[in-house]
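Worksheet: one structure, shown below.
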Amino acid sequence: GLFLGPLPAPFVIGMTMLGTALAAMASFTYNQIIEATKDAQMERTRIRVIPTGAMAPATVFMLGSTALGAGFLILYVFVNWLPAAVASF
């Protein structure tokens, strides 16, 4: 579909990448909260921030929610409502 129309402006491409990266970061933080008990049991993952107590789950949730909100806002304002809506889920 990208080759059928004109190329988007580099600014829009950059904002798309930034908004998507922030939304992905939010999903990673939410996964850390969901998997905290399993991470504490596994050798490879027991040094992560929630199992070690370096950060509280509420702090990680706030960080993830802030990243999701910023990513949604960037995508909505600078790109389009559709990628912002998709990033919210």
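So you can find residues: chains in the structure tokens are A, B, ... in the order shown, residues in each start at 1, and ligands are numbered from 1 in order.
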
Could you pull the residues within 12 Å of range 51-64 of chain A, counting only C-alpha atoms, minus those fewer than 3 positions along the same chain, as a PyMOL selection string? chain A and resi 21-48+67-71+88

Residues from last step as file, N, CA, C and O atoms, as a compact mmCIF listing (two decimals), in the first residue's frame:
```txt
# COMPACT_ATOMS: atom_id res chain seq x y z
N ALA A 21 7.01 2.83 19.31
CA ALA A 21 8.00 2.38 20.29
C ALA A 21 7.50 2.61 21.72
O ALA A 21 7.69 1.74 22.60
N LEU A 22 6.86 3.73 21.97
CA LEU A 22 6.32 3.99 23.31
C LEU A 22 5.19 3.03 23.65
O LEU A 22 5.10 2.54 24.79
N ALA A 23 4.33 2.73 22.69
CA ALA A 23 3.25 1.77 22.93
C ALA A 23 3.82 0.37 23.18
O ALA A 23 3.34 -0.37 24.05
N ALA A 24 4.87 0.00 22.46
CA ALA A 24 5.51 -1.29 22.69
C ALA A 24 6.17 -1.33 24.07
O ALA A 24 6.10 -2.34 24.77
N MET A 25 6.79 -0.23 24.47
CA MET A 25 7.39 -0.15 25.79
C MET A 25 6.33 -0.36 26.88
O MET A 25 6.58 -1.05 27.88
N ALA A 26 5.15 0.19 26.66
CA ALA A 26 4.07 0.00 27.62
C ALA A 26 3.68 -1.47 27.72
O ALA A 26 3.48 -1.99 28.83
N SER A 27 3.60 -2.15 26.60
CA SER A 27 3.24 -3.56 26.65
C SER A 27 4.31 -4.39 27.34
O SER A 27 4.00 -5.34 28.06
N PHE A 28 5.57 -4.00 27.17
CA PHE A 28 6.65 -4.71 27.87
C PHE A 28 6.55 -4.51 29.38
O PHE A 28 6.77 -5.45 30.15
N THR A 29 6.21 -3.31 29.82
CA THR A 29 6.10 -3.07 31.26
C THR A 29 4.91 -3.81 31.84
O THR A 29 5.00 -4.36 32.95
N TYR A 30 3.79 -3.85 31.12
CA TYR A 30 2.63 -4.59 31.62
C TYR A 30 2.95 -6.08 31.69
O TYR A 30 2.52 -6.77 32.62
N ASN A 31 3.73 -6.59 30.75
CA ASN A 31 4.13 -7.99 30.78
C ASN A 31 5.01 -8.27 32.00
O ASN A 31 4.90 -9.34 32.60
N GLN A 32 5.86 -7.33 32.35
CA GLN A 32 6.70 -7.50 33.54
C GLN A 32 5.83 -7.67 34.79
O GLN A 32 6.15 -8.47 35.67
N ILE A 33 4.74 -6.93 34.87
CA ILE A 33 3.85 -7.02 36.03
C ILE A 33 3.13 -8.37 36.03
O ILE A 33 3.05 -9.04 37.06
N ILE A 34 2.61 -8.76 34.88
CA ILE A 34 1.85 -10.01 34.79
C ILE A 34 2.73 -11.22 35.09
O ILE A 34 2.31 -12.16 35.77
N GLU A 35 3.97 -11.20 34.63
CA GLU A 35 4.86 -12.35 34.76
C GLU A 35 5.79 -12.28 35.97
O GLU A 35 6.73 -13.07 36.07
N ALA A 36 5.55 -11.39 36.90
CA ALA A 36 6.48 -11.18 38.02
C ALA A 36 6.69 -12.43 38.86
O ALA A 36 7.83 -12.75 39.24
N THR A 37 5.63 -13.16 39.17
CA THR A 37 5.79 -14.35 40.01
C THR A 37 6.56 -15.45 39.28
O THR A 37 7.40 -16.13 39.89
N LYS A 38 6.29 -15.60 37.99
CA LYS A 38 7.02 -16.60 37.21
C LYS A 38 8.48 -16.17 37.00
O LYS A 38 9.37 -17.02 37.01
N ASP A 39 8.69 -14.88 36.82
CA ASP A 39 10.05 -14.38 36.65
C ASP A 39 10.89 -14.62 37.90
O ASP A 39 12.09 -14.89 37.81
N ALA A 40 10.27 -14.54 39.06
CA ALA A 40 11.00 -14.76 40.31
C ALA A 40 11.46 -16.21 40.45
O ALA A 40 12.44 -16.49 41.14
N GLN A 41 10.79 -17.13 39.80
CA GLN A 41 11.12 -18.55 39.91
C GLN A 41 12.16 -19.01 38.90
O GLN A 41 12.83 -20.01 39.12
N MET A 42 12.28 -18.30 37.79
CA MET A 42 13.20 -18.72 36.73
C MET A 42 14.58 -18.13 36.94
O MET A 42 14.72 -16.96 37.29
N GLU A 43 15.60 -18.92 36.74
CA GLU A 43 16.98 -18.48 36.92
C GLU A 43 17.32 -17.29 36.02
O GLU A 43 17.95 -16.33 36.45
N ARG A 44 16.91 -17.38 34.77
CA ARG A 44 17.26 -16.36 33.80
C ARG A 44 16.58 -15.02 34.08
O ARG A 44 17.13 -13.96 33.79
N THR A 45 15.39 -15.03 34.66
CA THR A 45 14.61 -13.80 34.80
C THR A 45 14.47 -13.31 36.23
O THR A 45 13.82 -12.29 36.46
N ARG A 46 15.07 -13.97 37.18
CA ARG A 46 14.86 -13.55 38.57
C ARG A 46 15.60 -12.26 38.93
O ARG A 46 15.39 -11.72 40.00
N ILE A 47 16.44 -11.75 38.02
CA ILE A 47 17.14 -10.50 38.30
C ILE A 47 16.42 -9.28 37.73
O ILE A 47 16.94 -8.17 37.77
N ARG A 48 15.20 -9.46 37.22
CA ARG A 48 14.43 -8.33 36.70
C ARG A 48 13.96 -7.43 37.84
O ARG A 48 13.97 -7.81 39.00
N ALA A 67 3.90 5.80 29.26
CA ALA A 67 4.42 5.51 27.92
C ALA A 67 3.28 5.27 26.94
O ALA A 67 3.32 5.76 25.80
N LEU A 68 2.25 4.53 27.37
CA LEU A 68 1.11 4.28 26.48
C LEU A 68 0.38 5.58 26.17
O LEU A 68 0.00 5.82 25.02
N GLY A 69 0.17 6.41 27.17
CA GLY A 69 -0.50 7.68 26.93
C GLY A 69 0.28 8.57 25.99
O GLY A 69 -0.29 9.18 25.07
N ALA A 70 1.59 8.64 26.18
CA ALA A 70 2.43 9.46 25.30
C ALA A 70 2.44 8.90 23.88
O ALA A 70 2.33 9.65 22.90
N GLY A 71 2.54 7.58 23.75
CA GLY A 71 2.52 6.97 22.43
C GLY A 71 1.20 7.19 21.73
O GLY A 71 1.16 7.51 20.53
N SER A 88 -3.59 1.32 21.33
CA SER A 88 -4.23 1.27 22.66
C SER A 88 -4.62 -0.13 23.07
O SER A 88 -4.90 -0.37 24.23
```

If DSSP is run on the backbone, what residues of chain A are helix (DSSP H, G or I)? A reply as a short mmCIF file (atom, residue, chain, number, x, y, z; two decimals) with N, CA, C and O atoms, in the first residue's frame would be ideal.
```cif
data_model
loop_
_atom_site.label_atom_id
_atom_site.label_comp_id
_atom_site.auth_asym_id
_atom_site.auth_seq_id
_atom_site.Cartn_x
_atom_site.Cartn_y
_atom_site.Cartn_z
N LEU A 2 2.03 1.20 0.60
CA LEU A 2 2.87 2.38 0.67
C LEU A 2 3.36 2.80 -0.70
O LEU A 2 3.51 3.98 -0.98
N PHE A 3 3.56 1.86 -1.60
CA PHE A 3 4.08 2.18 -2.93
C PHE A 3 3.01 2.73 -3.87
O PHE A 3 3.33 3.26 -4.91
N LEU A 4 1.75 2.62 -3.49
CA LEU A 4 0.68 3.11 -4.35
C LEU A 4 0.46 4.61 -4.21
O LEU A 4 -0.10 5.23 -5.10
N PRO A 10 9.09 12.63 6.24
CA PRO A 10 9.98 12.01 7.22
C PRO A 10 9.56 12.29 8.66
O PRO A 10 9.73 11.43 9.54
N PHE A 11 8.98 13.45 8.92
CA PHE A 11 8.50 13.76 10.27
C PHE A 11 7.40 12.79 10.69
O PHE A 11 7.40 12.30 11.83
N VAL A 12 6.48 12.50 9.79
CA VAL A 12 5.39 11.58 10.10
C VAL A 12 5.94 10.17 10.33
O VAL A 12 5.49 9.46 11.24
N ILE A 13 6.90 9.78 9.53
CA ILE A 13 7.54 8.46 9.73
C ILE A 13 8.21 8.40 11.10
O ILE A 13 8.07 7.42 11.83
N GLY A 14 8.92 9.46 11.46
CA GLY A 14 9.58 9.51 12.77
C GLY A 14 8.58 9.47 13.92
O GLY A 14 8.80 8.77 14.92
N MET A 15 7.49 10.20 13.79
CA MET A 15 6.47 10.20 14.85
C MET A 15 5.78 8.85 14.95
O MET A 15 5.44 8.39 16.04
N THR A 16 5.60 8.19 13.81
CA THR A 16 5.02 6.85 13.82
C THR A 16 5.94 5.88 14.56
O THR A 16 5.48 5.08 15.38
N MET A 17 7.22 5.97 14.29
CA MET A 17 8.17 5.09 14.96
C MET A 17 8.23 5.39 16.46
O MET A 17 8.26 4.46 17.27
N LEU A 18 8.25 6.65 16.83
CA LEU A 18 8.31 7.02 18.24
C LEU A 18 7.04 6.60 18.98
O LEU A 18 7.13 6.00 20.06
N GLY A 19 5.88 6.88 18.42
CA GLY A 19 4.64 6.49 19.06
C GLY A 19 4.50 4.98 19.20
O GLY A 19 4.05 4.47 20.23
N THR A 20 4.91 4.26 18.16
CA THR A 20 4.85 2.80 18.21
C THR A 20 5.84 2.24 19.23
O THR A 20 5.52 1.30 19.96
N ALA A 21 7.01 2.83 19.31
CA ALA A 21 8.00 2.38 20.29
C ALA A 21 7.50 2.61 21.72
O ALA A 21 7.69 1.74 22.60
N LEU A 22 6.86 3.73 21.97
CA LEU A 22 6.32 3.99 23.31
C LEU A 22 5.19 3.03 23.65
O LEU A 22 5.10 2.54 24.79
N ALA A 23 4.33 2.73 22.69
CA ALA A 23 3.25 1.77 22.93
C ALA A 23 3.82 0.37 23.18
O ALA A 23 3.34 -0.37 24.05
N ALA A 24 4.87 0.00 22.46
CA ALA A 24 5.51 -1.29 22.69
C ALA A 24 6.17 -1.33 24.07
O ALA A 24 6.10 -2.34 24.77
N MET A 25 6.79 -0.23 24.47
CA MET A 25 7.39 -0.15 25.79
C MET A 25 6.33 -0.36 26.88
O MET A 25 6.58 -1.05 27.88
N ALA A 26 5.15 0.19 26.66
CA ALA A 26 4.07 0.00 27.62
C ALA A 26 3.68 -1.47 27.72
O ALA A 26 3.48 -1.99 28.83
N SER A 27 3.60 -2.15 26.60
CA SER A 27 3.24 -3.56 26.65
C SER A 27 4.31 -4.39 27.34
O SER A 27 4.00 -5.34 28.06
N PHE A 28 5.57 -4.00 27.17
CA PHE A 28 6.65 -4.71 27.87
C PHE A 28 6.55 -4.51 29.38
O PHE A 28 6.77 -5.45 30.15
N THR A 29 6.21 -3.31 29.82
CA THR A 29 6.10 -3.07 31.26
C THR A 29 4.91 -3.81 31.84
O THR A 29 5.00 -4.36 32.95
N TYR A 30 3.79 -3.85 31.12
CA TYR A 30 2.63 -4.59 31.62
C TYR A 30 2.95 -6.08 31.69
O TYR A 30 2.52 -6.77 32.62
N ASN A 31 3.73 -6.59 30.75
CA ASN A 31 4.13 -7.99 30.78
C ASN A 31 5.01 -8.27 32.00
O ASN A 31 4.90 -9.34 32.60
N GLN A 32 5.86 -7.33 32.35
CA GLN A 32 6.70 -7.50 33.54
C GLN A 32 5.83 -7.67 34.79
O GLN A 32 6.15 -8.47 35.67
N ILE A 33 4.74 -6.93 34.87
CA ILE A 33 3.85 -7.02 36.03
C ILE A 33 3.13 -8.37 36.03
O ILE A 33 3.05 -9.04 37.06
N ILE A 34 2.61 -8.76 34.88
CA ILE A 34 1.85 -10.01 34.79
C ILE A 34 2.73 -11.22 35.09
O ILE A 34 2.31 -12.16 35.77
N ALA A 36 5.55 -11.39 36.90
CA ALA A 36 6.48 -11.18 38.02
C ALA A 36 6.69 -12.43 38.86
O ALA A 36 7.83 -12.75 39.24
N THR A 37 5.63 -13.16 39.17
CA THR A 37 5.79 -14.35 40.01
C THR A 37 6.56 -15.45 39.28
O THR A 37 7.40 -16.13 39.89
N LYS A 38 6.29 -15.60 37.99
CA LYS A 38 7.02 -16.60 37.21
C LYS A 38 8.48 -16.17 37.00
O LYS A 38 9.37 -17.02 37.01
N ASP A 39 8.69 -14.88 36.82
CA ASP A 39 10.05 -14.38 36.65
C ASP A 39 10.89 -14.62 37.90
O ASP A 39 12.09 -14.89 37.81
N ALA A 40 10.27 -14.54 39.06
CA ALA A 40 11.00 -14.76 40.31
C ALA A 40 11.46 -16.21 40.45
O ALA A 40 12.44 -16.49 41.14
N GLN A 41 10.79 -17.13 39.80
CA GLN A 41 11.12 -18.55 39.91
C GLN A 41 12.16 -19.01 38.90
O GLN A 41 12.83 -20.01 39.12
N VAL A 49 13.50 -6.24 37.49
CA VAL A 49 13.27 -5.21 38.52
C VAL A 49 12.15 -5.52 39.49
O VAL A 49 12.26 -5.20 40.67
N ILE A 50 11.08 -6.15 39.05
CA ILE A 50 9.98 -6.43 39.99
C ILE A 50 10.32 -7.61 40.90
O ILE A 50 10.15 -7.49 42.12
N PRO A 51 10.82 -8.74 40.39
CA PRO A 51 11.17 -9.83 41.31
C PRO A 51 12.26 -9.46 42.33
O PRO A 51 12.23 -9.94 43.46
N THR A 52 13.20 -8.61 41.96
CA THR A 52 14.24 -8.22 42.90
C THR A 52 13.78 -7.13 43.86
O THR A 52 14.45 -6.87 44.86
N PRO A 57 5.50 -2.88 41.64
CA PRO A 57 4.61 -3.06 40.49
C PRO A 57 3.79 -1.81 40.16
O PRO A 57 3.53 -1.53 38.99
N ALA A 58 3.39 -1.06 41.17
CA ALA A 58 2.63 0.16 40.92
C ALA A 58 3.46 1.19 40.16
O ALA A 58 2.95 1.89 39.28
N THR A 59 4.74 1.28 40.47
CA THR A 59 5.62 2.20 39.77
C THR A 59 5.79 1.78 38.32
O THR A 59 5.77 2.62 37.41
N VAL A 60 5.95 0.50 38.10
CA VAL A 60 6.09 -0.02 36.74
C VAL A 60 4.80 0.21 35.96
O VAL A 60 4.83 0.59 34.79
N PHE A 61 3.67 0.04 36.62
CA PHE A 61 2.38 0.30 35.97
C PHE A 61 2.25 1.76 35.58
O PHE A 61 1.78 2.08 34.48
N MET A 62 2.66 2.66 36.45
CA MET A 62 2.60 4.09 36.14
C MET A 62 3.52 4.43 34.97
O MET A 62 3.16 5.21 34.09
N LEU A 63 4.71 3.84 34.95
CA LEU A 63 5.64 4.06 33.84
C LEU A 63 5.05 3.56 32.52
O LEU A 63 5.09 4.25 31.51
N GLY A 64 4.47 2.37 32.55
CA GLY A 64 3.85 1.82 31.35
C GLY A 64 2.65 2.63 30.89
O GLY A 64 2.47 2.87 29.69
N SER A 65 1.85 3.08 31.82
CA SER A 65 0.68 3.89 31.46
C SER A 65 1.09 5.24 30.89
O SER A 65 0.46 5.74 29.95
N THR A 66 2.14 5.82 31.43
CA THR A 66 2.65 7.08 30.89
C THR A 66 3.18 6.88 29.48
O THR A 66 2.92 7.70 28.58
N ALA A 67 3.90 5.80 29.26
CA ALA A 67 4.42 5.51 27.92
C ALA A 67 3.28 5.27 26.94
O ALA A 67 3.32 5.76 25.80
N LEU A 68 2.25 4.53 27.37
CA LEU A 68 1.11 4.28 26.48
C LEU A 68 0.38 5.58 26.17
O LEU A 68 0.00 5.82 25.02
N GLY A 69 0.17 6.41 27.17
CA GLY A 69 -0.50 7.68 26.93
C GLY A 69 0.28 8.57 25.99
O GLY A 69 -0.29 9.18 25.07
N ALA A 70 1.59 8.64 26.18
CA ALA A 70 2.43 9.46 25.30
C ALA A 70 2.44 8.90 23.88
O ALA A 70 2.33 9.65 22.90
N GLY A 71 2.54 7.58 23.75
CA GLY A 71 2.52 6.97 22.43
C GLY A 71 1.20 7.19 21.73
O GLY A 71 1.16 7.51 20.53
N PHE A 72 0.09 7.03 22.47
CA PHE A 72 -1.23 7.28 21.89
C PHE A 72 -1.36 8.72 21.43
O PHE A 72 -1.82 8.99 20.32
N LEU A 73 -0.95 9.65 22.28
CA LEU A 73 -1.06 11.06 21.95
C LEU A 73 -0.22 11.42 20.71
O LEU A 73 -0.69 12.13 19.82
N ILE A 74 0.99 10.92 20.66
CA ILE A 74 1.86 11.19 19.49
C ILE A 74 1.24 10.63 18.22
O ILE A 74 1.19 11.30 17.19
N LEU A 75 0.76 9.40 18.28
CA LEU A 75 0.15 8.80 17.09
C LEU A 75 -1.13 9.52 16.69
O LEU A 75 -1.37 9.74 15.50
N TYR A 76 -1.94 9.91 17.66
CA TYR A 76 -3.20 10.57 17.35
C TYR A 76 -2.98 11.96 16.76
O TYR A 76 -3.63 12.34 15.78
N VAL A 77 -2.07 12.72 17.35
CA VAL A 77 -1.87 14.11 16.92
C VAL A 77 -1.08 14.19 15.61
O VAL A 77 -1.44 14.95 14.72
N PHE A 78 -0.01 13.41 15.51
CA PHE A 78 0.90 13.58 14.38
C PHE A 78 0.71 12.59 13.24
O PHE A 78 1.21 12.82 12.13
N TRP A 81 -5.78 8.79 13.66
CA TRP A 81 -6.50 8.19 14.78
C TRP A 81 -6.43 6.67 14.75
O TRP A 81 -6.46 6.02 15.79
N LEU A 82 -6.33 6.06 13.57
CA LEU A 82 -6.35 4.61 13.46
C LEU A 82 -5.12 3.95 14.12
O LEU A 82 -5.28 3.03 14.93
N PRO A 83 -3.89 4.38 13.83
CA PRO A 83 -2.76 3.77 14.53
C PRO A 83 -2.79 4.04 16.03
O PRO A 83 -2.35 3.20 16.82
N ALA A 84 -3.33 5.17 16.43
CA ALA A 84 -3.46 5.46 17.86
C ALA A 84 -4.43 4.49 18.52
O ALA A 84 -4.18 3.98 19.61
N ALA A 85 -5.53 4.21 17.84
CA ALA A 85 -6.51 3.27 18.38
C ALA A 85 -5.93 1.86 18.45
O ALA A 85 -6.12 1.14 19.44
N VAL A 86 -5.20 1.46 17.42
CA VAL A 86 -4.61 0.11 17.41
C VAL A 86 -3.55 -0.01 18.51
O VAL A 86 -3.45 -1.03 19.18
N ALA A 87 -2.79 1.04 18.74
CA ALA A 87 -1.75 1.02 19.78
C ALA A 87 -2.35 0.91 21.18
O ALA A 87 -1.69 0.44 22.10
#
```
